[in-house]
Each structure stands twice: as C-alpha cells, then as structure tokens.
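Notes to accompany the following structure.
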Amino acid sequence: MTGVERAGSGVAAELLEASSRYIDEGIFEGAASVSPIDGRVGDFGGGVALVLSFSHVIAVEGGGGLALVDTSSPSLAPRARTALRTWSDAPVRTIIYTHGHVDHVGGARLFSDEAADAGEARPRVVAHEAVDDRFSRYDLTHGYNALINARQFGRRAALGVGQGDWPTEWVRPDTTFSARMTLRLGGEVVELRHARGETDDHAWLWMPDRRIICGGDFLTWVFPNAGNPQKVQRYPGEWALALREMASLHPELFLPAHGLPISGAERVARVLDDIATALESLVTQTVALMNAGARLDDVVREVRVPAELADRPYLRATYDEPEFVVRNIWRLYGGWWDGDPAHLKPAGAAELAAELADLVGGAGRLASRATDLAAAGDLRLACHLAELATQAAPASAECQAARAEVYRARRDGEVSLMARGIFGAAAEASAPGSTGGPTGGPTDEPALPAGPKGEGD
Ligand SMILES: [Zn+2]
C-alpha cells in the first residue's frame, strides 16, 4: 500500500489514466492490469475514496461518518480496513451491500466490530430485500458452496482470494428496499436502484450531485459473469437493461466493485453501451434459435459475441465465458432439458460407458484415443473419451492417467477462471495419489492469471 493522496493526483489519477488509455486505445495488458486488488486507496475528491481490494471498498463521507459501499472478502477486509483508515478515521455509520456475494459482504463483521470497540452504534446495513434470502440459501447449501468455490478458484482459495472456507455467519441487512431507495449522507442524496444481473439481489448507486455511479458487479472489466456454470440463475437481458439505465443518467465517474474506475461521460457511456450490446446480442441470438426449435447443442455451437466487442479490454472472457452465458439464457427462458430425447431419462453414465468400451474393444482403447485426440488438439472430443474411459474402468490406472493428462492439457488451453478451475480439478482428481476430491487445485497455476474477481459470485 502506498497510502493516500488528494484528489487529482496519485492513485486515483493513476487508475483513471490507465482506464482511459485502455479504453481509448483498446489496449489489453493482461487481467491483473485491469483488476488491481493491491490495497491502495484512491481519493476521488469531495469525500469519496476507493480501496482496491476483492471486492473494492468505496467510502463516502457525510452525516458525521462514513458510508461504505461493499466491504471486501473476509480474508482481504482487514487489509482494506487498514488502508481505509489511512484516509479517514471517521466512524462507519452505514454499510451498503451491492449484493450478497461473499467478496462484497464478508468484511461487514470487521467494520461492525470496529464500531462496537469504539463504543459507536452498529452501522446500519442497507441492501436489496433478496440479500437475506441469499444468506439463508447459503446456509442451506453450505457444503455445496464450499466445494464449488474451492473448485472455481483452485489455488486462489489457498492464496486468500476467493473463499477457502465458506462462511457460516452473515451480517444481515437491517434496512432493505425493493425497487429504489433514497439515502441522505450529510446533505447529499444517494439513490439506490435494484436490477437483476449477476444476481437477483443487486443494487447500484447513483449520486446525482457528483454524477457518480457505484456499479457493483454490473461492470467488472471481464466478460459479464452471467453464465457461471456452478451457480444459480443469472439474468443477462436485465443486466443489459440496467447498463442502459445507468448510461441514461450520463455519469461522469464510474466506480466498479472490481477493476478500474472510469472517468469522462463519453467514455463511461461507450463502455456501458458495449457491454450491454454484447449481452443483448447473446440473448437475441439464443432466443431466436430457441424459437426456431433448435437444441441446446446447436445453440451453444452457433451463438457468438460480435467479434469487434470480444476484444475490448473490458470484455475479455478471462473469468466467465459467453458460451456459459448462452446456457444460462437457455435455462432462464427454457428448462433444464437440452432437446436431446436420449437425455430426458438417460442410462447411467457408467452403463453407457461400459457399453461403448465393449464395442470398441475395451476402456483402454477409449483412453488411448483420448490422448491421441488431445495431442492433435481436439480437446473437446478428447475429454469425452477420457471421461468415458474412466467411467467404464474407474480402477484402471492407465485410464485415470490418460484422463489426468487430457484434462491438464484442457486446463492449460483455457483462458477463463471458471473453465480452468473445473478442468484443473478433474485433472487433479485422476492424478496419482489423489483422493478424488474436487477441491484440489492445480499446483503449477500462476497466481491470479485470470483476473482476480471474487466470489461467491
Ligand atoms: Zn464481486
């Protein structure tokens, strides 16, 4: 941490200069460059600061204390608080959750305890009304969330990015709203607006006097996390509508919960429009194919993000992927059935695999064909055969070794954190000495290659 600077210079200016350059010139210098989480504090003037973390913590002065927008994750909140306290020692009066994901709410306990230790009242916690239901769902599915989070983040969980241990306690909101709510911080009006997007409980903030939007996870400098394969339903179409509504307000400064802040009305508008257009395009293409009677397989194969948008520095698929978003659109407007009648009430996977292994002369044949296909670069097909081989002969060391090899190659060929996490966990489960559990991350994975966006997203 390099500490605090005043408005117009230092960290805030540096971050805005970087985002302007990346956006104006279309430069992408890697995920880490657009998603700093290093604990520095940017002072944007007028009593607004942003602590770079996972999620960021945005602080607004007013009303004899601070309002915080998001609180970072349990593991990174202590560092974020220390950084925040180099900027202001005013008590935290209000905490606003943009949504209930762990990397946004996980630090609330720390700030609440800080107030108690100082003899101050517990901060008021403001959120959309669905946040409380989310926490209850997390309690109901605690084991599942702990497993998928470890798999999604792989080694990052152990690095303290993402949550290795899924929380069991939540600071539940005490002030909730449905569509909109107006807060007063000192003399200033802050509007909270709800929209579904990454989650069903999302809120974003509009400060009309300063023309600032705090956008939560609606804009995160990665392709929108609207397809996450292991999580509940997401809302790409409504996400785009929210971005259009933000643009209609002509904000001059956009402070996201992940990634770089963006300044300049025209620049903010352009980014919002690009992301909305990308999402709208996926929705339109997918729905058109559904209406024409296509199977999910055809839809996944045909729908693409317009090429000119896919290369934007804020739309890289380093975290989630358009292919996964397409599946979520199918799930939102259709059902779980993919249109293949054999998949409606299928044979057991092991039964089908044994039948195919018999047909080709043994599971070993499937395994060796899998490694051949992988070597030839057809990793999608190779994974099917490797999976069939180990389903037909789970005790075969040869088949397990082939599966580990194929999924290692698959992981190395992927860019998104989601795909790398799942393929890496598969490789690990078939590696010699593995207990077969899904939580082991690949050991040779570089730190944070895919963009450090936090979870439970
Ligand atoms: Zn987030």
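Labeling convention for the structure tokens: chains A, B, ... as they appear, residues from 1 per chain, ligands from 1 in order of appearance.
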
Name each residue within 10 Å of ligand 1, counting only C-alpha atoms and all ligand atoms, as a CSV table (one decimal) with C-alpha atoms, in the first residue's frame.
chain,number,residue,atom,x,y,z
A,54,PHE,CA,-11.6,-8.0,-3.7
A,55,SER,CA,-14.2,-6.5,-3.8
A,56,HIS,CA,-13.2,-2.9,-3.7
A,70,ASP,CA,-19.3,-3.1,0.0
A,72,SER,CA,-14.4,-6.8,0.6
A,73,SER,CA,-14.0,-10.5,1.4
A,98,THR,CA,-24.3,-4.0,-3.8
A,99,HIS,CA,-25.3,-7.7,-3.5
A,100,GLY,CA,-24.8,-10.6,-1.2
A,101,HIS,CA,-21.8,-12.3,-2.7
A,102,VAL,CA,-19.2,-13.2,-0.1
A,103,ASP,CA,-16.5,-10.9,-1.5
A,104,HIS,CA,-18.8,-8.0,-1.0
A,105,VAL,CA,-20.3,-8.7,2.4
A,198,GLU,CA,-25.2,-11.2,-11.9
A,216,GLY,CA,-21.3,-3.1,-8.0
A,217,ASP,CA,-20.7,-6.1,-10.3
A,218,PHE,CA,-22.5,-4.7,-13.3
A,219,LEU,CA,-19.2,-3.6,-14.8
A,220,THR,CA,-16.1,-5.6,-13.7
A,225,ASN,CA,-20.3,-13.2,-15.1
A,256,PRO,CA,-16.9,-0.5,-10.0
A,257,ALA,CA,-16.6,-3.2,-7.3
A,258,HIS,CA,-13.9,-4.9,-9.4
A,452,PRO,CA,-8.9,-11.6,-9.6
A,453,LYS,CA,-12.7,-11.2,-9.4
A,454,GLY,CA,-14.1,-12.6,-6.2
A,455,GLU,CA,-16.7,-14.9,-5.0
A,456,GLY,CA,-19.2,-16.3,-4.1
A,457,ASP,CA,-20.0,-14.8,-7.4

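Near range 325-327 of chain A, within 8 Å and counting only C-alpha atoms, sit Asn225, Ala226, Gly227, Asn228, Pro236, Leu282, Val283, Thr286, Leu296, Val299, Val300 and Val303 of chain A; same-chain residues fewer than 5 positions away were not included.
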
**Report entry** Test item: residues at most 12 Å from Glu14 in chain A, only C-alpha atoms, excluding those fewer than 6 positions along its chain, as a PyMOL selection string
**Finding:** chain A and resi 5+7-8+20-21+33+36+40-44+260-263

Could you take the residues named above and write them with C-alpha atoms, as a PDB file, in the first residue's frame?
ATOM      1  CA  GLU A   5      -3.253  11.117  -1.975  1.00  0.00           C
ATOM      2  CA  ALA A   7      -7.880  14.490  -5.454  1.00  0.00           C
ATOM      3  CA  GLY A   8      -6.477  14.873  -8.916  1.00  0.00           C
ATOM      4  CA  SER A  20      -8.743   5.940 -20.153  1.00  0.00           C
ATOM      5  CA  ARG A  21      -5.751   4.662 -22.088  1.00  0.00           C
ATOM      6  CA  SER A  33      -3.574  -4.667 -15.131  1.00  0.00           C
ATOM      7  CA  PRO A  36      -5.811  -4.215  -9.284  1.00  0.00           C
ATOM      8  CA  ARG A  40      -4.043   1.156  -2.403  1.00  0.00           C
ATOM      9  CA  VAL A  41      -6.518   3.971  -1.750  1.00  0.00           C
ATOM     10  CA  GLY A  42      -7.664   6.335  -4.467  1.00  0.00           C
ATOM     11  CA  ASP A  43      -9.127   9.662  -3.320  1.00  0.00           C
ATOM     12  CA  PHE A  44     -11.588  10.963  -5.911  1.00  0.00           C
ATOM     13  CA  LEU A 260     -10.552   0.140 -12.771  1.00  0.00           C
ATOM     14  CA  PRO A 261     -12.638   3.263 -12.189  1.00  0.00           C
ATOM     15  CA  ILE A 262     -13.662   5.084 -15.377  1.00  0.00           C
ATOM     16  CA  SER A 263     -14.000   8.840 -15.861  1.00  0.00           C
TER      17      SER A 263
END

Requested in this report: Could you please write out, as JSON, numbers by chain, every residue of range 252-457 of chain A that DSSP assigns to alpha helix (DSSP H)?
Outcome: {"A": [265, 266, 267, 268, 269, 270, 271, 272, 273, 274, 275, 276, 277, 278, 279, 280, 281, 282, 283, 284, 285, 286, 287, 288, 289, 290, 291, 296, 297, 298, 299, 300, 301, 302, 307, 308, 309, 310, 322, 323, 324, 325, 326, 327, 328, 329, 330, 331, 332, 333, 349, 350, 351, 352, 353, 354, 355, 356, 357, 358, 359, 360, 363, 364, 365, 366, 367, 368, 369, 370, 371, 372, 373, 374, 375, 379, 380, 381, 382, 383, 384, 385, 386, 387, 388, 389, 390, 391, 392, 397, 398, 399, 400, 401, 402, 403, 404, 405, 406, 407, 408, 409, 410, 411, 412, 417, 418, 419, 420, 421, 422, 423, 424, 425, 426, 427, 428, 429, 430]}

**Report entry** All strand (DSSP E or B) residues (DSSP, backbone) inside range 178-237 of chain A, as a PyMOL selection string
**Finding:** chain A and resi 180-185+188-194+203-207+212-214
